[in-house]
Amino acid sequence: MNVSVLGCGTWGSAVAQTLACKGIVVTAWQRYEDKSSQMESTRKHPILTDFEFNRNITFTANFDSAITFGDIIILAVPSHVIRDITSRASKAFTTDTIIVNLAKGIENDTLMTMSQVIYAESGVNENQIVSLYGPSHAEEVIRKLPTTLVAGCVDKDISTRVQELMSSEYLRIYRNDDILGVEIGGSLKNIMAIAAGVCDGIGYGDNSKAAILTRGMNEMTKLGLKMGANKSTFSGLSGIGDLLVTALSKHSRNRFVGEKIGKGESLEKVTDNMRMVAEGINTCKAIPDLVNKYNIEMPISQSIYDILFNKKNPLKVVKELMTRKLGPENS
């Protein structure tokens with residue numbers, strides 16, 4: 001079985017390397033010709049520099065070549081370009097193609113999850129789409145540190161194939177037929193990680209961060225239920241698991257963004273100095289529309305929106321959160 005990975009960021013490259021080390025032949029698409037050629041010749045990643053790419057990986061900037069190579073197409077591009085990339089690749093999809101999505105986010109204009117966007121643009125059946133989420137930093141997967149993920153798919157047979165394809169002695173894949181819940185959890189946790197970073201930047205302690213994560217988990221679950229997901233999914237790898245690793249880790253881009261903003265830097269300055277995408281920023285843009293559409297309160301998410309896009313003072317926002325109308329924990 002051949003695999004095509006569209007996107008050579010840190011996570012896409014880590015997934016490609018994991019497959020290649022299992023003896024699977026991989027074509028990895030890097031949109032810039034010079035970067036593709038450099039990765040092919042040096043066998044090095046520009047950011048993850050402490051490993052060498054397996055020879056089972058071939059890098060190319062030829063999009064058509066990449067999409068026709070794989071029986072399985074792994075989408076490893078940022079969420080805001082998933083629609084465009086899927087549309088461009090759809091001409092190569094067949095009834096046997098399996099699309100594995102790694103992107104996490106909510107499309108701003110439509111409020112669709114990534115699998116919903118892929119379904120709309122790809123022409124394939126829903127059961128051919130898998131979203132692979134969970135607590136996973138590329139830096140650790142490359143080092144072959146034990147990691148677990150969940151393959152969300154409505155079709156057990158398809159998720160089982162992905163499970164067997166990806167699993168190894170250091171990467172364990174579980175299945176979940178609630179792909180909607182998997183994606184909501186994996187997307188909204190990035191906003192909570194920004195909130196946790198704001199706490200770090202301001203100088204708050206463990207109590208504050210625990211409050212953010214706990215109440216943030218409540219927001220994620222409530223929205224998920226409103227959208228039709230299963231409550232139990234948020235207790236799993238793409239829910240609490242992904243939230244913990246993203247909100248607490250030094251590797252987390254989203255937590256990094258929040259920390260810098262908590263220290264007084266502007267969003268523009270922070271993002272200008274980053275080499276990678278923090279998906280929580282884009283996902284957060286959808287919060288006002290999600291709140292309105294589903295008639296739900298999401299005070300932490302809305303507060304992060306205000307900090308990022310309305311330039312509200314983080315200290316003032318925290319005070320407003322702490323002095324909201326009192327109520328029961330499980331309302």
# chains A, B, ... in the order shown; residues from 1 in each chain; ligands from 1
$ residues_around --residues "Thr94 of chain A" --least-positions-apart "3" --cutoff "10 Å" --atoms "only C-alpha atoms" --output "mmCIF file with N, CA, C and O atoms, in the first residue's frame"
data_model
loop_
_atom_site.group_PDB
_atom_site.id
_atom_site.type_symbol
_atom_site.label_atom_id
_atom_site.label_comp_id
_atom_site.auth_asym_id
_atom_site.auth_seq_id
_atom_site.Cartn_x
_atom_site.Cartn_y
_atom_site.Cartn_z
ATOM 1 N N ASP A 71 -2.621 5.217 -2.274
ATOM 2 C CA ASP A 71 -3.927 4.604 -2.030
ATOM 3 C C ASP A 71 -4.593 5.293 -0.837
ATOM 4 O O ASP A 71 -5.813 5.363 -0.746
ATOM 5 N N SER A 90 -9.186 16.236 -5.553
ATOM 6 C CA SER A 90 -10.366 15.379 -5.745
ATOM 7 C C SER A 90 -10.370 14.636 -7.077
ATOM 8 O O SER A 90 -10.960 13.556 -7.182
ATOM 9 N N LYS A 91 -9.715 15.176 -8.088
ATOM 10 C CA LYS A 91 -9.702 14.518 -9.395
ATOM 11 C C LYS A 91 -9.021 13.154 -9.350
ATOM 12 O O LYS A 91 -9.239 12.314 -10.236
ATOM 13 N N THR A 97 -10.174 5.179 -2.436
ATOM 14 C CA THR A 97 -9.279 6.102 -1.736
ATOM 15 C C THR A 97 -9.695 6.275 -0.281
ATOM 16 O O THR A 97 -10.886 6.402 0.026
ATOM 17 N N ILE A 98 -8.726 6.273 0.601
ATOM 18 C CA ILE A 98 -8.960 6.619 2.004
ATOM 19 C C ILE A 98 -8.261 7.945 2.272
ATOM 20 O O ILE A 98 -7.071 8.100 1.978
ATOM 21 N N SER A 122 -14.557 16.605 -1.789
ATOM 22 C CA SER A 122 -13.800 15.466 -2.324
ATOM 23 C C SER A 122 -14.561 14.581 -3.290
ATOM 24 O O SER A 122 -13.965 13.937 -4.152
ATOM 25 N N GLY A 123 -15.893 14.510 -3.113
ATOM 26 C CA GLY A 123 -16.679 13.597 -3.933
ATOM 27 C C GLY A 123 -16.652 12.160 -3.453
ATOM 28 O O GLY A 123 -17.248 11.275 -4.078
ATOM 29 N N VAL A 124 -15.986 11.890 -2.324
ATOM 30 C CA VAL A 124 -15.955 10.534 -1.782
ATOM 31 C C VAL A 124 -17.080 10.362 -0.768
ATOM 32 O O VAL A 124 -17.728 11.325 -0.353
ATOM 33 N N ASN A 125 -17.306 9.131 -0.348
ATOM 34 C CA ASN A 125 -18.310 8.846 0.671
ATOM 35 C C ASN A 125 -17.767 9.187 2.057
ATOM 36 O O ASN A 125 -16.541 9.196 2.270
ATOM 37 N N GLN A 128 -15.102 7.051 3.782
ATOM 38 C CA GLN A 128 -13.726 7.049 3.274
ATOM 39 C C GLN A 128 -12.863 8.107 3.948
ATOM 40 O O GLN A 128 -11.691 8.241 3.624
#
$ residues_around --residues "Leu237 of chain A" --least-positions-apart "4" --cutoff "12 Å" --atoms "only C-alpha atoms" --output "MDAnalysis selection string"
chainID A and resid 132:136 147:152 172:176 181:183 185:186 189 232:233 241:246
$ atom_distance --atom1 "atom CA of Asp206 of chain A" --atom2 "atom CA of Asn330 of chain A"
22.0 Å
$ residues_around --residues "segment 319-322 of chain A" --least-positions-apart "5" --cutoff "9 Å" --atoms "only C-alpha atoms" --output "number ranges by chain"
A: 299-300, 303, 314
$ select_by_dssp --residues "segment 73-306 of chain A" --states "alpha helix (DSSP H)" --output "PyMOL selection string"
chain A and resi 82-89+114-122+138-142+156-166+179-202+206-227+242-248+253-262+267-272+279-284+287-294+299-306
$ atom_distance --atom1 "atom CA of Lys156 of chain A" --atom2 "atom CA of Asp177 of chain A"
6.9 Å
$ residues_around --residues "segment 54-58 of chain A" --least-positions-apart "6" --cutoff "7 Å" --atoms "only C-alpha atoms" --output "short mmCIF file (atom, residue, chain, number, x, y, z; two decimals) with all heavy atoms, in the first residue's frame"
data_model
loop_
_atom_site.label_atom_id
_atom_site.label_comp_id
_atom_site.auth_asym_id
_atom_site.auth_seq_id
_atom_site.Cartn_x
_atom_site.Cartn_y
_atom_site.Cartn_z
N GLN A 17 7.42 9.85 8.42
CA GLN A 17 8.58 9.10 8.92
C GLN A 17 8.14 7.84 9.65
O GLN A 17 8.75 6.76 9.49
CB GLN A 17 9.39 10.00 9.87
CG GLN A 17 10.59 9.34 10.52
CD GLN A 17 11.77 9.16 9.59
OE1 GLN A 17 11.68 9.43 8.39
NE2 GLN A 17 12.89 8.71 10.12
N ALA A 20 7.17 5.32 7.00
CA ALA A 20 8.34 4.88 6.24
C ALA A 20 9.18 3.90 7.05
O ALA A 20 9.74 2.94 6.49
CB ALA A 20 9.17 6.08 5.82
N CYS A 21 9.28 4.12 8.35
CA CYS A 21 10.05 3.23 9.21
C CYS A 21 9.41 1.85 9.33
O CYS A 21 10.07 0.89 9.75
CB CYS A 21 10.24 3.86 10.58
SG CYS A 21 11.40 5.25 10.60
N GLY A 23 8.31 0.38 6.67
CA GLY A 23 8.50 -0.19 5.36
C GLY A 23 7.50 0.25 4.31
O GLY A 23 7.47 -0.27 3.20
N ILE A 24 6.68 1.25 4.66
CA ILE A 24 5.66 1.75 3.73
C ILE A 24 6.27 2.83 2.85
O ILE A 24 6.99 3.70 3.33
CB ILE A 24 4.45 2.30 4.51
CG1 ILE A 24 3.78 1.16 5.30
CG2 ILE A 24 3.44 2.96 3.58
CD1 ILE A 24 2.84 1.62 6.38
N VAL A 25 5.99 2.76 1.56
CA VAL A 25 6.51 3.73 0.61
C VAL A 25 5.64 4.98 0.64
O VAL A 25 4.42 4.90 0.47
CB VAL A 25 6.58 3.14 -0.81
CG1 VAL A 25 7.15 4.17 -1.79
CG2 VAL A 25 7.44 1.88 -0.82
N VAL A 26 6.27 6.13 0.83
CA VAL A 26 5.56 7.39 1.03
C VAL A 26 6.05 8.44 0.03
O VAL A 26 7.26 8.60 -0.16
CB VAL A 26 5.76 7.93 2.46
CG1 VAL A 26 5.06 9.27 2.65
CG2 VAL A 26 5.28 6.92 3.50
N THR A 27 5.11 9.16 -0.57
CA THR A 27 5.43 10.36 -1.32
C THR A 27 4.92 11.55 -0.52
O THR A 27 3.74 11.59 -0.14
CB THR A 27 4.79 10.38 -2.72
OG1 THR A 27 5.45 9.41 -3.54
CG2 THR A 27 4.94 11.74 -3.38
N ALA A 28 5.81 12.49 -0.23
CA ALA A 28 5.45 13.67 0.58
C ALA A 28 5.51 14.92 -0.28
O ALA A 28 6.55 15.21 -0.88
CB ALA A 28 6.39 13.78 1.78
N GLU A 40 14.74 16.40 0.01
CA GLU A 40 15.06 15.17 -0.71
C GLU A 40 16.57 14.90 -0.69
O GLU A 40 17.01 13.75 -0.52
CB GLU A 40 14.56 15.27 -2.16
CG GLU A 40 14.85 14.05 -3.01
CD GLU A 40 14.10 12.80 -2.58
OE1 GLU A 40 13.03 12.91 -1.95
OE2 GLU A 40 14.61 11.69 -2.87
#
$ residues_around --residues "Phe256 of chain A" --least-positions-apart "5" --cutoff "9 Å" --atoms "only C-alpha atoms" --output "PyMOL selection string"
chain A and resi 193-194+197-198+201+250-251+261+270+278
$ closest_residue --among "A:Gly258, A:Gly7, A:Gly264, A:Gly239" --to "Ile67 of chain A" --atoms "only C-alpha atoms"
A:Gly7
